Each structure stands twice: as C-alpha cells, then as structure tokens.
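As provided, model.pdb (PDB, C-alpha atoms) reads as follows.
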ATOM      1  CA  MET A   2     131.453 178.423  43.759
ATOM      2  CA  GLN A   3     127.957 178.666  42.273
ATOM      3  CA  ILE A   4     127.470 181.924  40.368
ATOM      4  CA  ALA A   5     124.127 183.652  40.931
ATOM      5  CA  VAL A   6     121.501 184.342  38.293
ATOM      6  CA  ASP A   7     118.430 186.569  38.632
ATOM      7  CA  PHE A   8     120.121 189.246  40.719
ATOM      8  CA  CYS A   9     120.958 192.927  40.861
ATOM      9  CA  GLN A  10     124.432 193.921  42.047
ATOM     10  CA  PRO A  11     124.938 197.462  43.457
ATOM     11  CA  PHE A  12     128.371 199.050  43.209
ATOM     12  CA  THR A  13     130.097 202.419  43.293
ATOM     13  CA  LEU A  14     133.034 203.816  41.368
ATOM     14  CA  ASP A  15     134.708 205.722  44.163
ATOM     15  CA  HIS A  16     137.343 207.362  41.956
ATOM     16  CA  SER A  17     134.616 208.920  39.801
ATOM     17  CA  ASN A  18     131.830 209.527  42.354
ATOM     18  CA  ILE A  19     129.447 207.325  40.377
ATOM     19  CA  ARG A  20     127.001 204.689  41.537
ATOM     20  CA  GLY A  21     126.059 201.696  39.452
ATOM     21  CA  ARG A  22     124.021 198.540  39.160
ATOM     22  CA  PHE A  23     124.550 195.318  37.233
ATOM     23  CA  THR A  24     121.741 192.834  36.640
ATOM     24  CA  ARG A  25     121.680 189.425  34.999
ATOM     25  CA  LEU A  26     118.327 187.693  34.539
ATOM     26  CA  GLY A  27     117.594 184.246  33.129
ATOM     27  CA  PRO A  28     115.047 181.904  34.745
ATOM     28  CA  LEU A  29     112.948 184.887  35.836
ATOM     29  CA  VAL A  30     112.605 186.205  32.273
ATOM     30  CA  GLN A  31     112.146 182.709  30.870
ATOM     31  CA  THR A  32     109.272 182.054  33.278
ATOM     32  CA  ILE A  33     107.506 185.302  32.368
ATOM     33  CA  ILE A  34     107.899 184.806  28.616
ATOM     34  CA  GLY A  35     107.001 181.106  28.853
ATOM     35  CA  GLN A  36     103.596 181.925  30.348
ATOM     36  CA  HIS A  37     102.540 183.682  27.153
ATOM     37  CA  SER A  38     102.747 183.232  23.405
ATOM     38  CA  TYR A  39     104.012 186.679  22.442
ATOM     39  CA  PRO A  40     105.930 187.113  19.156
ATOM     40  CA  ALA A  41     109.729 187.010  19.460
ATOM     41  CA  LEU A  42     110.072 190.727  18.711
ATOM     42  CA  ALA A  43     107.646 191.548  21.535
ATOM     43  CA  ASN A  44     109.522 189.197  23.875
ATOM     44  CA  HIS A  45     112.765 190.993  23.069
ATOM     45  CA  LEU A  46     111.222 194.340  24.004
ATOM     46  CA  LEU A  47     109.684 192.861  27.153
ATOM     47  CA  GLY A  48     113.086 191.511  28.184
ATOM     48  CA  GLU A  49     114.583 194.990  27.848
ATOM     49  CA  MET A  50     111.702 196.451  29.862
ATOM     50  CA  ILE A  51     112.202 193.918  32.672
ATOM     51  CA  GLY A  52     115.926 194.657  32.824
ATOM     52  CA  LEU A  53     115.277 198.394  32.882
ATOM     53  CA  ALA A  54     112.677 198.075  35.651
ATOM     54  CA  VAL A  55     115.034 195.987  37.795
ATOM     55  CA  LEU A  56     117.865 198.511  37.413
ATOM     56  CA  LEU A  57     115.625 201.489  38.131
ATOM     57  CA  SER A  58     113.872 199.967  41.129
ATOM     58  CA  SER A  59     117.175 198.895  42.682
ATOM     59  CA  SER A  60     118.319 202.512  42.742
ATOM     60  CA  LEU A  61     115.360 203.550  44.921
ATOM     61  CA  LYS A  62     114.592 203.100  48.594
ATOM     62  CA  TYR A  63     110.958 202.046  48.900
ATOM     63  CA  ASP A  64     108.726 199.635  50.760
ATOM     64  CA  GLY A  65     106.006 198.642  48.369
ATOM     65  CA  LEU A  66     105.733 198.441  44.603
ATOM     66  CA  PHE A  67     107.692 199.961  41.722
ATOM     67  CA  THR A  68     105.935 199.872  38.349
ATOM     68  CA  LEU A  69     107.356 200.726  34.951
ATOM     69  CA  GLN A  70     104.665 201.015  32.282
ATOM     70  CA  THR A  71     104.324 202.249  28.725
ATOM     71  CA  SER A  72     101.186 203.347  26.919
ATOM     72  CA  SER A  73     101.264 204.053  23.190
ATOM     73  CA  ASP A  74      99.425 203.723  19.878
ATOM     74  CA  GLY A  75     101.723 201.305  18.022
ATOM     75  CA  PRO A  76     101.555 197.531  17.473
ATOM     76  CA  ILE A  77     103.024 196.968  20.951
ATOM     77  CA  SER A  78     100.755 199.350  22.838
ATOM     78  CA  MET A  79     101.551 198.463  26.445
ATOM     79  CA  LEU A  80     104.409 197.046  28.483
ATOM     80  CA  VAL A  81     104.218 196.796  32.259
ATOM     81  CA  VAL A  82     106.681 195.475  34.842
ATOM     82  CA  ASP A  83     106.139 195.360  38.616
ATOM     83  CA  VAL A  84     109.068 194.989  41.034
ATOM     84  CA  ASP A  85     108.190 194.917  44.719
ATOM     85  CA  SER A  86     110.566 195.694  47.566
ATOM     86  CA  GLU A  87     110.966 191.948  48.279
ATOM     87  CA  GLY A  88     112.449 191.303  44.827
ATOM     88  CA  ASN A  89     109.326 189.781  43.252
ATOM     89  CA  VAL A  90     108.896 190.594  39.561
ATOM     90  CA  ARG A  91     106.053 190.142  37.109
ATOM     91  CA  ALA A  92     105.473 191.554  33.613
ATOM     92  CA  CYS A  93     103.198 191.463  30.592
ATOM     93  CA  LEU A  94     102.463 193.350  27.379
ATOM     94  CA  ARG A  95      99.729 194.052  24.866
ATOM     95  CA  VAL A  96     100.445 193.432  21.190
ATOM     96  CA  ASP A  97      98.394 193.589  17.989
ATOM     97  CA  GLU A  98     100.028 190.739  16.079
ATOM     98  CA  ASP A  99      98.424 191.632  12.749
ATOM     99  CA  ARG A 100      99.822 195.171  12.904
ATOM    100  CA  LEU A 101     103.188 193.861  14.048
ATOM    101  CA  ASN A 102     103.404 191.341  11.183
ATOM    102  CA  THR A 103     102.486 194.084   8.698
ATOM    103  CA  LEU A 104     105.241 196.285  10.131
ATOM    104  CA  ILE A 105     107.798 193.468   9.914
ATOM    105  CA  ALA A 106     106.867 192.694   6.304
ATOM    106  CA  ALA A 107     107.252 196.356   5.299
ATOM    107  CA  GLU A 108     110.603 196.863   7.054
ATOM    108  CA  GLU A 109     113.764 196.355   5.028
ATOM    109  CA  GLY A 110     115.721 193.815   7.013
ATOM    110  CA  GLY A 111     112.551 192.502   8.653
ATOM    111  CA  GLU A 112     112.367 191.601  12.303
ATOM    112  CA  GLU A 113     116.074 191.996  13.024
ATOM    113  CA  ALA A 114     116.081 195.566  11.716
ATOM    114  CA  LEU A 115     113.223 196.528  14.045
ATOM    115  CA  ARG A 116     114.974 195.524  17.258
ATOM    116  CA  GLY A 117     115.771 198.653  19.192
ATOM    117  CA  GLN A 118     113.361 200.852  17.214
ATOM    118  CA  VAL A 119     110.947 201.838  19.953
ATOM    119  CA  LEU A 120     109.057 204.466  17.960
ATOM    120  CA  LYS A 121     108.205 202.024  15.155
ATOM    121  CA  LEU A 122     107.217 199.194  17.468
ATOM    122  CA  MET A 123     105.367 201.247  20.064
ATOM    123  CA  GLY A 124     104.320 204.427  18.282
ATOM    124  CA  ASN A 125     103.557 207.660  20.082
ATOM    125  CA  GLY A 126     103.091 207.483  23.824
ATOM    126  CA  HIS A 127     104.845 207.681  27.153
ATOM    127  CA  ILE A 128     106.658 205.667  29.781
ATOM    128  CA  ALA A 129     105.686 206.072  33.445
ATOM    129  CA  PHE A 130     107.684 205.347  36.608
ATOM    130  CA  THR A 131     105.483 204.778  39.670
ATOM    131  CA  VAL A 132     106.340 204.049  43.309
ATOM    132  CA  ASP A 133     103.408 202.990  45.509
ATOM    133  CA  GLN A 134     104.186 202.537  49.209
ATOM    134  CA  GLY A 135     100.598 202.183  50.405
ATOM    135  CA  ASP A 136      97.984 204.541  51.757
ATOM    136  CA  GLU A 137     100.280 206.127  54.343
ATOM    137  CA  HIS A 138     102.679 207.514  51.717
ATOM    138  CA  GLU A 139     102.141 209.786  48.765
ATOM    139  CA  ARG A 140     102.282 207.945  45.464
ATOM    140  CA  TYR A 141     105.153 209.089  43.246
ATOM    141  CA  GLN A 142     104.961 209.081  39.465
ATOM    142  CA  GLY A 143     107.245 210.386  36.741
ATOM    143  CA  ILE A 144     106.316 210.411  33.044
ATOM    144  CA  VAL A 145     108.381 210.956  29.911
ATOM    145  CA  SER A 146     107.535 210.688  26.219
ATOM    146  CA  LEU A 147     108.681 207.736  24.153
ATOM    147  CA  GLU A 148     111.256 209.643  22.130
ATOM    148  CA  GLY A 149     114.405 207.515  22.213
ATOM    149  CA  ALA A 150     115.535 204.749  19.901
ATOM    150  CA  THR A 151     115.417 202.366  22.871
ATOM    151  CA  LEU A 152     113.610 202.172  26.198
ATOM    152  CA  SER A 153     116.944 202.909  27.879
ATOM    153  CA  GLU A 154     117.274 206.181  25.988
ATOM    154  CA  CYS A 155     113.766 207.153  27.117
ATOM    155  CA  ALA A 156     114.751 206.525  30.745
ATOM    156  CA  GLU A 157     117.967 208.510  30.335
ATOM    157  CA  ALA A 158     115.938 211.445  28.981
ATOM    158  CA  TYR A 159     113.659 211.304  32.029
ATOM    159  CA  PHE A 160     116.570 211.600  34.462
ATOM    160  CA  ARG A 161     118.123 214.476  32.512
ATOM    161  CA  GLN A 162     114.862 216.416  32.253
ATOM    162  CA  SER A 163     113.155 215.675  35.566
ATOM    163  CA  GLU A 164     115.899 214.724  38.026
ATOM    164  CA  GLN A 165     118.864 216.633  36.555
ATOM    165  CA  LEU A 166     120.991 213.505  36.987
ATOM    166  CA  GLU A 167     123.347 212.180  34.343
ATOM    167  CA  THR A 168     122.318 208.547  33.893
ATOM    168  CA  ALA A 169     123.316 205.853  31.420
ATOM    169  CA  PHE A 170     122.161 202.302  30.708
ATOM    170  CA  LYS A 171     123.452 199.405  28.668
ATOM    171  CA  LEU A 172     120.974 196.574  28.196
ATOM    172  CA  GLU A 173     121.349 193.403  26.157
ATOM    173  CA  VAL A 174     118.619 190.837  25.493
ATOM    174  CA  HIS A 175     119.831 187.468  24.268
ATOM    175  CA  GLN A 176     117.740 184.657  22.817
ATOM    176  CA  GLY A 177     119.299 181.212  22.761
ATOM    177  CA  GLU A 178     118.729 178.463  20.254
ATOM    178  CA  VAL A 179     115.308 177.499  21.645
ATOM    179  CA  ASP A 180     112.269 179.758  21.889
ATOM    180  CA  ALA A 181     112.122 179.857  25.692
ATOM    181  CA  ASP A 182     115.836 180.561  26.261
ATOM    182  CA  TRP A 183     115.947 184.288  27.026
ATOM    183  CA  TRP A 184     118.595 186.166  29.003
ATOM    184  CA  VAL A 185     118.914 189.813  29.983
ATOM    185  CA  GLY A 186     122.055 191.605  31.127
ATOM    186  CA  GLY A 187     122.219 195.270  32.030
ATOM    187  CA  LEU A 188     124.367 198.008  33.518
ATOM    188  CA  PHE A 189     123.287 201.314  35.034
ATOM    189  CA  LEU A 190     125.507 204.275  35.934
ATOM    190  CA  GLN A 191     124.486 207.505  37.624
ATOM    191  CA  ARG A 192     126.678 210.476  38.385
ATOM    192  CA  LEU A 193     126.349 211.650  41.976
ATOM    193  CA  PRO A 194     126.394 215.341  42.996
ATOM    194  CA  VAL A 195     129.864 216.864  43.302
ATOM    195  CA  SER A 196     129.296 217.871  46.932
ATOM    196  CA  ALA A 197     126.764 216.936  49.568
ATOM    197  CA  SER A 198     126.232 220.621  50.386
ATOM    198  CA  GLY A 199     124.945 221.319  46.915
ATOM    199  CA  ASP A 200     127.536 224.082  46.327
ATOM    200  CA  ALA A 201     128.335 224.807  42.714
ATOM    201  CA  ALA A 202     131.429 223.056  41.402
ATOM    202  CA  THR A 203     134.482 225.044  40.435
ATOM    203  CA  PRO A 204     135.462 224.976  36.746
ATOM    204  CA  GLU A 205     138.245 222.529  37.581
ATOM    205  CA  GLU A 206     135.873 220.263  39.518
ATOM    206  CA  GLY A 207     133.327 220.425  36.728
ATOM    207  CA  GLU A 208     135.904 219.455  34.122
ATOM    208  CA  LYS A 209     137.072 216.474  36.186
ATOM    209  CA  VAL A 210     133.494 215.330  36.799
ATOM    210  CA  ALA A 211     132.747 215.472  33.075
ATOM    211  CA  GLU A 212     135.913 213.544  32.223
ATOM    212  CA  ASP A 213     135.204 210.888  34.858
ATOM    213  CA  TRP A 214     131.628 210.490  33.640
ATOM    214  CA  ASN A 215     132.570 210.186  29.986
ATOM    215  CA  ARG A 216     135.321 207.682  30.770
ATOM    216  CA  SER A 217     133.005 205.547  32.894
ATOM    217  CA  LYS A 218     130.336 205.526  30.176
ATOM    218  CA  ILE A 219     132.891 204.416  27.608
ATOM    219  CA  LEU A 220     133.984 201.590  29.895
ATOM    220  CA  MET A 221     130.367 200.548  30.421
ATOM    221  CA  THR A 222     129.574 200.504  26.705
ATOM    222  CA  SER A 223     132.626 198.289  26.109
ATOM    223  CA  ALA A 224     130.816 195.416  27.845
ATOM    224  CA  THR A 225     129.754 192.848  25.269
ATOM    225  CA  GLU A 226     126.451 190.997  25.105
ATOM    226  CA  THR A 227     128.301 187.786  25.929
ATOM    227  CA  GLU A 228     129.850 189.285  29.067
ATOM    228  CA  LEU A 229     126.541 190.619  30.305
ATOM    229  CA  VAL A 230     124.668 187.329  30.007
ATOM    230  CA  ASP A 231     127.481 184.809  30.563
ATOM    231  CA  ILE A 232     126.646 182.961  33.800
ATOM    232  CA  SER A 233     130.252 181.752  34.104
ATOM    233  CA  LEU A 234     131.359 185.358  34.683
ATOM    234  CA  SER A 235     130.464 186.571  38.170
ATOM    235  CA  ALA A 236     129.132 190.065  38.841
ATOM    236  CA  HIS A 237     132.265 190.952  40.824
ATOM    237  CA  ASP A 238     134.553 189.785  38.018
ATOM    238  CA  LEU A 239     132.616 191.698  35.368
ATOM    239  CA  ILE A 240     132.609 194.928  37.375
ATOM    240  CA  TRP A 241     136.339 194.603  38.078
ATOM    241  CA  ARG A 242     137.072 193.779  34.425
ATOM    242  CA  LEU A 243     135.290 196.932  33.261
ATOM    243  CA  PHE A 244     136.045 199.441  35.989
ATOM    244  CA  HIS A 245     139.196 198.374  37.861
ATOM    245  CA  ASP A 246     140.837 201.802  37.375
ATOM    246  CA  GLU A 247     137.757 203.526  38.872
ATOM    247  CA  GLU A 248     138.130 201.845  42.284
ATOM    248  CA  PRO A 249     134.908 199.796  42.201
ATOM    249  CA  ARG A 250     133.268 198.813  45.472
ATOM    250  CA  VAL A 251     130.458 196.241  45.525
ATOM    251  CA  PHE A 252     127.646 195.835  48.027
ATOM    252  CA  GLU A 253     125.144 193.139  48.941
ATOM    253  CA  GLN A 254     123.555 191.485  45.947
ATOM    254  CA  ALA A 255     119.740 191.494  45.715
ATOM    255  CA  GLU A 256     118.045 188.296  44.561
ATOM    256  CA  LEU A 257     115.068 188.481  42.202
ATOM    257  CA  ARG A 258     112.348 186.014  41.303
ATOM    258  CA  PHE A 259     109.070 185.800  39.437
ATOM    259  CA  LYS A 260     105.976 185.995  41.609
ATOM    260  CA  CYS A 261     102.490 187.081  40.632
ATOM    261  CA  ARG A 262     100.186 188.835  43.094
ATOM    262  CA  CYS A 263      96.947 187.488  41.633
ATOM    263  CA  SER A 264      94.652 185.283  43.736
ATOM    264  CA  ARG A 265      91.166 183.854  43.684
ATOM    265  CA  GLU A 266      90.199 186.231  46.490
ATOM    266  CA  LYS A 267      91.277 189.288  44.494
ATOM    267  CA  ILE A 268      89.293 188.135  41.462
ATOM    268  CA  GLU A 269      86.244 187.587  43.662
ATOM    269  CA  GLY A 270      86.690 191.105  45.002
ATOM    270  CA  ALA A 271      86.461 192.478  41.474
ATOM    271  CA  LEU A 272      83.560 190.274  40.345
ATOM    272  CA  VAL A 273      81.414 190.952  43.408
ATOM    273  CA  THR A 274      80.883 194.536  42.230
ATOM    274  CA  TYR A 275      78.775 193.256  39.299
ATOM    275  CA  PRO A 276      75.013 192.535  39.677
ATOM    276  CA  LEU A 277      74.149 188.855  40.124
ATOM    277  CA  ASP A 278      72.163 188.632  36.877
ATOM    278  CA  GLU A 279      75.039 190.136  34.911
ATOM    279  CA  LEU A 280      77.545 187.719  36.454
ATOM    280  CA  LEU A 281      75.387 184.723  35.622
ATOM    281  CA  SER A 282      75.058 185.931  32.029
ATOM    282  CA  MET A 283      78.879 186.052  31.754
ATOM    283  CA  ARG A 284      79.255 182.268  32.202
ATOM    284  CA  GLU A 285      80.894 180.336  29.376
ATOM    285  CA  SER A 286      78.554 177.954  27.590
ATOM    286  CA  ASP A 287      80.934 175.005  27.647
ATOM    287  CA  SER A 288      82.174 175.205  31.256
ATOM    288  CA  GLY A 289      79.255 176.980  32.900
ATOM    289  CA  GLU A 290      81.809 179.250  34.636
ATOM    290  CA  VAL A 291      82.726 182.887  34.671
ATOM    291  CA  ALA A 292      86.389 182.586  33.682
ATOM    292  CA  VAL A 293      89.003 185.242  34.403
ATOM    293  CA  SER A 294      92.668 184.885  33.435
ATOM    294  CA  CYS A 295      95.451 186.930  35.004
ATOM    295  CA  GLN A 296      97.132 189.058  32.341
ATOM    296  CA  PHE A 297     100.500 188.619  34.076
ATOM    297  CA  CYS A 298     100.753 184.879  34.737
ATOM    298  CA  ASN A 299      97.877 183.553  32.597
ATOM    299  CA  THR A 300      96.394 181.648  35.559
ATOM    300  CA  ARG A 301      92.718 180.907  34.922
ATOM    301  CA  TYR A 302      90.173 181.350  37.699
ATOM    302  CA  GLY A 303      86.748 179.768  37.165
ATOM    303  CA  PHE A 304      83.577 180.541  39.116
ATOM    304  CA  ASN A 305      80.467 178.390  38.699
ATOM    305  CA  GLU A 306      76.929 179.427  39.655
ATOM    306  CA  ALA A 307      77.308 178.172  43.232
ATOM    307  CA  ASP A 308      80.557 180.129  43.654
ATOM    308  CA  ILE A 309      78.944 183.300  42.335
ATOM    309  CA  ARG A 310      75.855 183.041  44.526
ATOM    310  CA  ALA A 311      78.036 182.315  47.574
ATOM    311  CA  PHE A 312      80.325 185.330  47.286
ATOM    312  CA  LYS A 313      77.393 187.606  46.391
ATOM    313  CA  ALA A 314      75.563 186.391  49.501
ATOM    314  CA  ASP A 315      78.641 186.958  51.662
ATOM    315  CA  ASP A 316      78.963 190.480  50.269
ATOM    316  CA  ALA A 317      75.321 191.236  50.986
ATOM    317  CA  GLN A 318      75.683 190.055  54.601
ATOM    318  CA  SER A 319      78.772 192.178  55.193
ATOM    319  CA  SER A 320      77.213 195.330  53.697
TER     320      SER A 320
END
Using the file provided, produce a representation of the structure as structure tokens.
Amino acid sequence: MQIAVDFCQPFTLDHSNIRGRFTRLGPLVQTIIGQHSYPALANHLLGEMIGLAVLLSSSLKYDGLFTLQTSSDGPISMLVVDVDSEGNVRACLRVDEDRLNTLIAAEEGGEEALRGQVLKLMGNGHIAFTVDQGDEHERYQGIVSLEGATLSECAEAYFRQSEQLETAFKLEVHQGEVDADWWVGGLFLQRLPVSASGDAATPEEGEKVAEDWNRSKILMTSATETELVDISLSAHDLIWRLFHDEEPRVFEQAELRFKCRCSREKIEGALVTYPLDELLSMRESDSGEVAVSCQFCNTRYGFNEADIRAFKADDAQSS
C-alpha cells in the first residue's frame, strides 16, 4: 500500500471529547522552498508556518481562501501562507538577510540556537488569521500578538483569548541532507465543549475534562520528529500508536498540493491602472519589458511595448 504524503488527516478522540488533525508535508514544502533562495533559518520558519496554516484551515468549514500572515519589525518581517478550500497551498516570506546574518553571528550557539525563537527572528508584530469566502460573505479576521516562543504558541494564545478553546499544536520541521529536502509534520488537538447545550459543567465533569485534556496533550507531545515526518508510518498507524486508549476515530484524508493563483491576466489587471507613459518608463533597459515576478512562485511575466499599448487600448475601449 502506498502511504500518502502532503495530506491532512482529521480524527477525534471519542473517549476525551477532543478533535484533532495530523499533517505530513514533503513535496509541497520542497516545491515552495525550491522556488526561492531564502536562508535555511527562514525556510525552517516558513515550514512551520505552512504546517500551522494547513492544520488551522483544516479545522474550519469554508469555501474560499484561508490566509495566515505575520507582520513584524524583525529580520524576518513577513510570512504568508494561503490555503484554499480545494487544498491548494502557496507561501512566501520577506527577509532582510543582512540583519539575519548579524543576528546569527551575535547569538551564542548560532543558527541552531535561534530555531524556535520567534521574537528574535521576527521582532514585534502580530499574526493574522483570515477567511475570505467572496463578496457574498463577511470576511473574518482574527489577530494576536507575536508573544510565544514559537508560531504554534502564538496560535494557541489566540484560541485561548479569542475563542475560549483549549488548543495545542506540535510541529516539527526536518531538513534532510540536501538543501531542498524539507519535511513538515504536525499535530493539532482541540478540546470540544462539554455539552452541546452550553450548560456549565459540574465540578466532576470539569475535573474529568481537564484530566482528559492534559493526558491527550502529553500523548501528543510524545510524538517524535521522526514519527511525524516518516513516510513509512501511515497517518492511521501514528494516531493509533499515540492515542489508542482515547478511542481514536479517523475521517477522510484531505490531499494538499502547491498551486499559485498568479496569471498573466491578473498582472495585466494591476498594470493597466498605471498611465501609459509611466508604464513605458518602467521597461528594463536590457529586455525592453516591464517585468513583474510573483512573490509566491517567482514566475516572471514580461510585457513589451506592444503588449502594454494593447492592454491599455483594450481598457480604454471597455471604459
């Protein structure tokens, strides 16, 4: 039997009234990282961000686009991951490599010591969760400060503060022996309400819920990096290995893939808003084109003078 990669596996722990997700990502992350030349430390953080976005988006019911984005004042000042409801994922970041190298040189233990130190790498800022289902639905956004040691801790703080839901993550990012060999494995647990009616729990119920939650978190944290990224270990086997006493029940696995939403037409739509003279002045001297590269997939779109005059003329006729 071929074991899946690039997936998210939903499950519940029926004994403990907890829902969960397990994701393992390989080719998807490798494709995204391979399209850029980010430093290894930035790639590690981007891998964690992709895993977190996949886990979060899989816990929501939406028809459109889920976006997880950070904005901050540190060397890595932006991370953004899009996951649409079809399972298409894209991601990118913004990094000041000079500032990052200075930070690494000043840190005792160097690059390895900085892994997992969000505040040092990203500085002061926030992380935003956005769900966009089109013009017919209200756009939802939640924001929380970057205050945890990891991106996962920031997300956990958001759920505690804004959603009043106990939530826990375990994310591992693994780099193989070659630069492009990146893998991400992650688990997500969320404690469900004690009763559907919303009635307050009795002291006995509350004590049991707390015990079940703490036990399940301990079991989750016992998962090793190897287990989370090992493609020879199926999702079902991993979940059973960790949670067999909690009566795990698995559901249909969601496949994920890299896909960018950029296109020549979308770039034209942005360029057409500029005056003709300004567009012509933006042409590169060597190619004679206005060149625009997608920040997500690094695809270059070139527009020569004939292209520019054509889409400006079409816009004038349609106005």
Quick one: pull the distance between atom CA of Ala107 of chain A and atom CA of Asp74 of chain A, Å, one decimal.
18.1 Å
Got a sec to resolve the PyMOL selection byres ((chain A and resi 84-87) around 7) on this structure and send the residues as a PyMOL selection string?
chain A and resi 55+58+63-68+82-83+88-91
Please measure the separation of atom CA of Lys171 of chain A and atom CA of Glu154 of chain A, giving the value in Å to one decimal.
9.6 Å
Mind telling me what the PyMOL selection byres ((chain A and resi 306-312) around 8) catches here, as a PDB file with C-alpha atoms, in the frame of the given file?
ATOM      1  CA  GLU A 269      86.244 187.587  43.662  1.00  0.00           C
ATOM      2  CA  VAL A 273      81.414 190.952  43.408  1.00  0.00           C
ATOM      3  CA  LEU A 277      74.149 188.855  40.124  1.00  0.00           C
ATOM      4  CA  LEU A 280      77.545 187.719  36.454  1.00  0.00           C
ATOM      5  CA  LEU A 281      75.387 184.723  35.622  1.00  0.00           C
ATOM      6  CA  GLY A 289      79.255 176.980  32.900  1.00  0.00           C
ATOM      7  CA  GLU A 290      81.809 179.250  34.636  1.00  0.00           C
ATOM      8  CA  PHE A 304      83.577 180.541  39.116  1.00  0.00           C
ATOM      9  CA  ASN A 305      80.467 178.390  38.699  1.00  0.00           C
ATOM     10  CA  LYS A 313      77.393 187.606  46.391  1.00  0.00           C
ATOM     11  CA  ALA A 314      75.563 186.391  49.501  1.00  0.00           C
ATOM     12  CA  ASP A 315      78.641 186.958  51.662  1.00  0.00           C
ATOM     13  CA  ASP A 316      78.963 190.480  50.269  1.00  0.00           C
TER      14      ASP A 316
END
Need to verify the contact set: Cys93 of chain A, 12 Å, all atoms listed in the file, exclusion of same-chain residues closer than 3 positions in sequence. Can you return it as a PDB file with C-alpha atoms, keeping the file's coordinate frame?
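The resulting part02.pdb:
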ATOM      1  CA  VAL A  30     112.605 186.205  32.273  1.00  0.00           C
ATOM      2  CA  THR A  32     109.272 182.054  33.278  1.00  0.00           C
ATOM      3  CA  ILE A  33     107.506 185.302  32.368  1.00  0.00           C
ATOM      4  CA  ILE A  34     107.899 184.806  28.616  1.00  0.00           C
ATOM      5  CA  GLY A  35     107.001 181.106  28.853  1.00  0.00           C
ATOM      6  CA  GLN A  36     103.596 181.925  30.348  1.00  0.00           C
ATOM      7  CA  HIS A  37     102.540 183.682  27.153  1.00  0.00           C
ATOM      8  CA  SER A  38     102.747 183.232  23.405  1.00  0.00           C
ATOM      9  CA  TYR A  39     104.012 186.679  22.442  1.00  0.00           C
ATOM     10  CA  ALA A  43     107.646 191.548  21.535  1.00  0.00           C
ATOM     11  CA  ASN A  44     109.522 189.197  23.875  1.00  0.00           C
ATOM     12  CA  LEU A  46     111.222 194.340  24.004  1.00  0.00           C
ATOM     13  CA  LEU A  47     109.684 192.861  27.153  1.00  0.00           C
ATOM     14  CA  GLY A  48     113.086 191.511  28.184  1.00  0.00           C
ATOM     15  CA  MET A  50     111.702 196.451  29.862  1.00  0.00           C
ATOM     16  CA  ILE A  51     112.202 193.918  32.672  1.00  0.00           C
ATOM     17  CA  THR A  68     105.935 199.872  38.349  1.00  0.00           C
ATOM     18  CA  LEU A  69     107.356 200.726  34.951  1.00  0.00           C
ATOM     19  CA  GLN A  70     104.665 201.015  32.282  1.00  0.00           C
ATOM     20  CA  THR A  71     104.324 202.249  28.725  1.00  0.00           C
ATOM     21  CA  ILE A  77     103.024 196.968  20.951  1.00  0.00           C
ATOM     22  CA  SER A  78     100.755 199.350  22.838  1.00  0.00           C
ATOM     23  CA  MET A  79     101.551 198.463  26.445  1.00  0.00           C
ATOM     24  CA  LEU A  80     104.409 197.046  28.483  1.00  0.00           C
ATOM     25  CA  VAL A  81     104.218 196.796  32.259  1.00  0.00           C
ATOM     26  CA  VAL A  82     106.681 195.475  34.842  1.00  0.00           C
ATOM     27  CA  ASP A  83     106.139 195.360  38.616  1.00  0.00           C
ATOM     28  CA  VAL A  90     108.896 190.594  39.561  1.00  0.00           C
ATOM     29  CA  VAL A  96     100.445 193.432  21.190  1.00  0.00           C
ATOM     30  CA  CYS A 261     102.490 187.081  40.632  1.00  0.00           C
ATOM     31  CA  CYS A 295      95.451 186.930  35.004  1.00  0.00           C
ATOM     32  CA  GLN A 296      97.132 189.058  32.341  1.00  0.00           C
ATOM     33  CA  PHE A 297     100.500 188.619  34.076  1.00  0.00           C
ATOM     34  CA  CYS A 298     100.753 184.879  34.737  1.00  0.00           C
ATOM     35  CA  ASN A 299      97.877 183.553  32.597  1.00  0.00           C
TER      36      ASN A 299
END
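Selection by the PyMOL selection byres ((chain A and resi 223) around 12) on the present file picks out Lys171, Leu172, Leu188, Arg216, Ser217, Lys218, Ile219, Leu220, Met221, Thr222, Ala224, Thr225, Glu226, Thr227, Glu228, Leu229, Leu239, Ile240, Arg242, Leu243 and Phe244 of chain A.
Neighbouring residues of Leu104 of chain A at 9 Å or closer, counting all atoms listed in the file and skipping chain neighbours under 6 positions away, are Pro76, Gly111, Glu112, Leu115, Lys121 and Leu122 of chain A.
Counting all atoms listed in the file and comparing A:Gly143, A:Gly149, A:Gly186, A:Gly117, the residue that lies closest to Thr24 of chain A is A:Gly186.
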Any idea what the distance is between atom CA of Leu26 of chain A and atom CA of Asp133 of chain A?
24.0 Å
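The shell of residues at most 12 Å from Ile268 of chain A, with only C-alpha atoms counted and near chain neighbours (fewer than 6 positions) removed, consists of Arg262, Thr274, Tyr275, Val291, Ala292, Val293, Ser294, Cys295, Thr300, Arg301, Tyr302, Gly303, Phe304, Ile309 and Phe312 of chain A.
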With a distance cut-off of 9 Å and all atoms listed in the file, select the neighbouring residues of Gln254 of chain A, excluding the residue or stretch itself and same-chain residues fewer than 3 positions from it, and output the selection as a ChimeraX atom specification.
/A:8-11,251
Output of the above residues as a JSON list (two decimals), in the frame of the given file, restricted to C-alpha atoms:
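Once written, selection_12.json looks like this:
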[["chain", "number", "residue", "atom", "x", "y", "z"],
["A", 8, "PHE", "CA", 120.12, 189.25, 40.72],
["A", 9, "CYS", "CA", 120.96, 192.93, 40.86],
["A", 10, "GLN", "CA", 124.43, 193.92, 42.05],
["A", 11, "PRO", "CA", 124.94, 197.46, 43.46],
["A", 251, "VAL", "CA", 130.46, 196.24, 45.52]]
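Proximity to Gly187 of chain A was assessed for A:Phe252, A:Phe170, A:Phe259, A:Phe160 counting only C-alpha atoms; the smallest distance is recorded for A:Phe170.
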Tell me, as an MDAnalysis selection string, which residues lie within 7 Å of His175 of chain A, counting all atoms listed in the file; anything in the same chain fewer than 3 positions away does not count.
chainID A and resid 183:185
Would you export the selected residues with C-alpha atoms as a PDB file, in the frame of the given file, please?
ATOM      1  CA  TRP A 183     115.947 184.288  27.026  1.00  0.00           C
ATOM      2  CA  TRP A 184     118.595 186.166  29.003  1.00  0.00           C
ATOM      3  CA  VAL A 185     118.914 189.813  29.983  1.00  0.00           C
TER       4      VAL A 185
END
Have a look at A:Ala169, A:Phe23, A:Gly126, A:Val132 and name the one nearest to Lys62 of chain A; count all atoms listed in the file.
A:Val132
Looking at only C-alpha atoms, which of A:Glu173, A:Asp287, A:Asp99, A:Asp180 is the one that sits closest to Gln31 of chain A?
A:Asp180
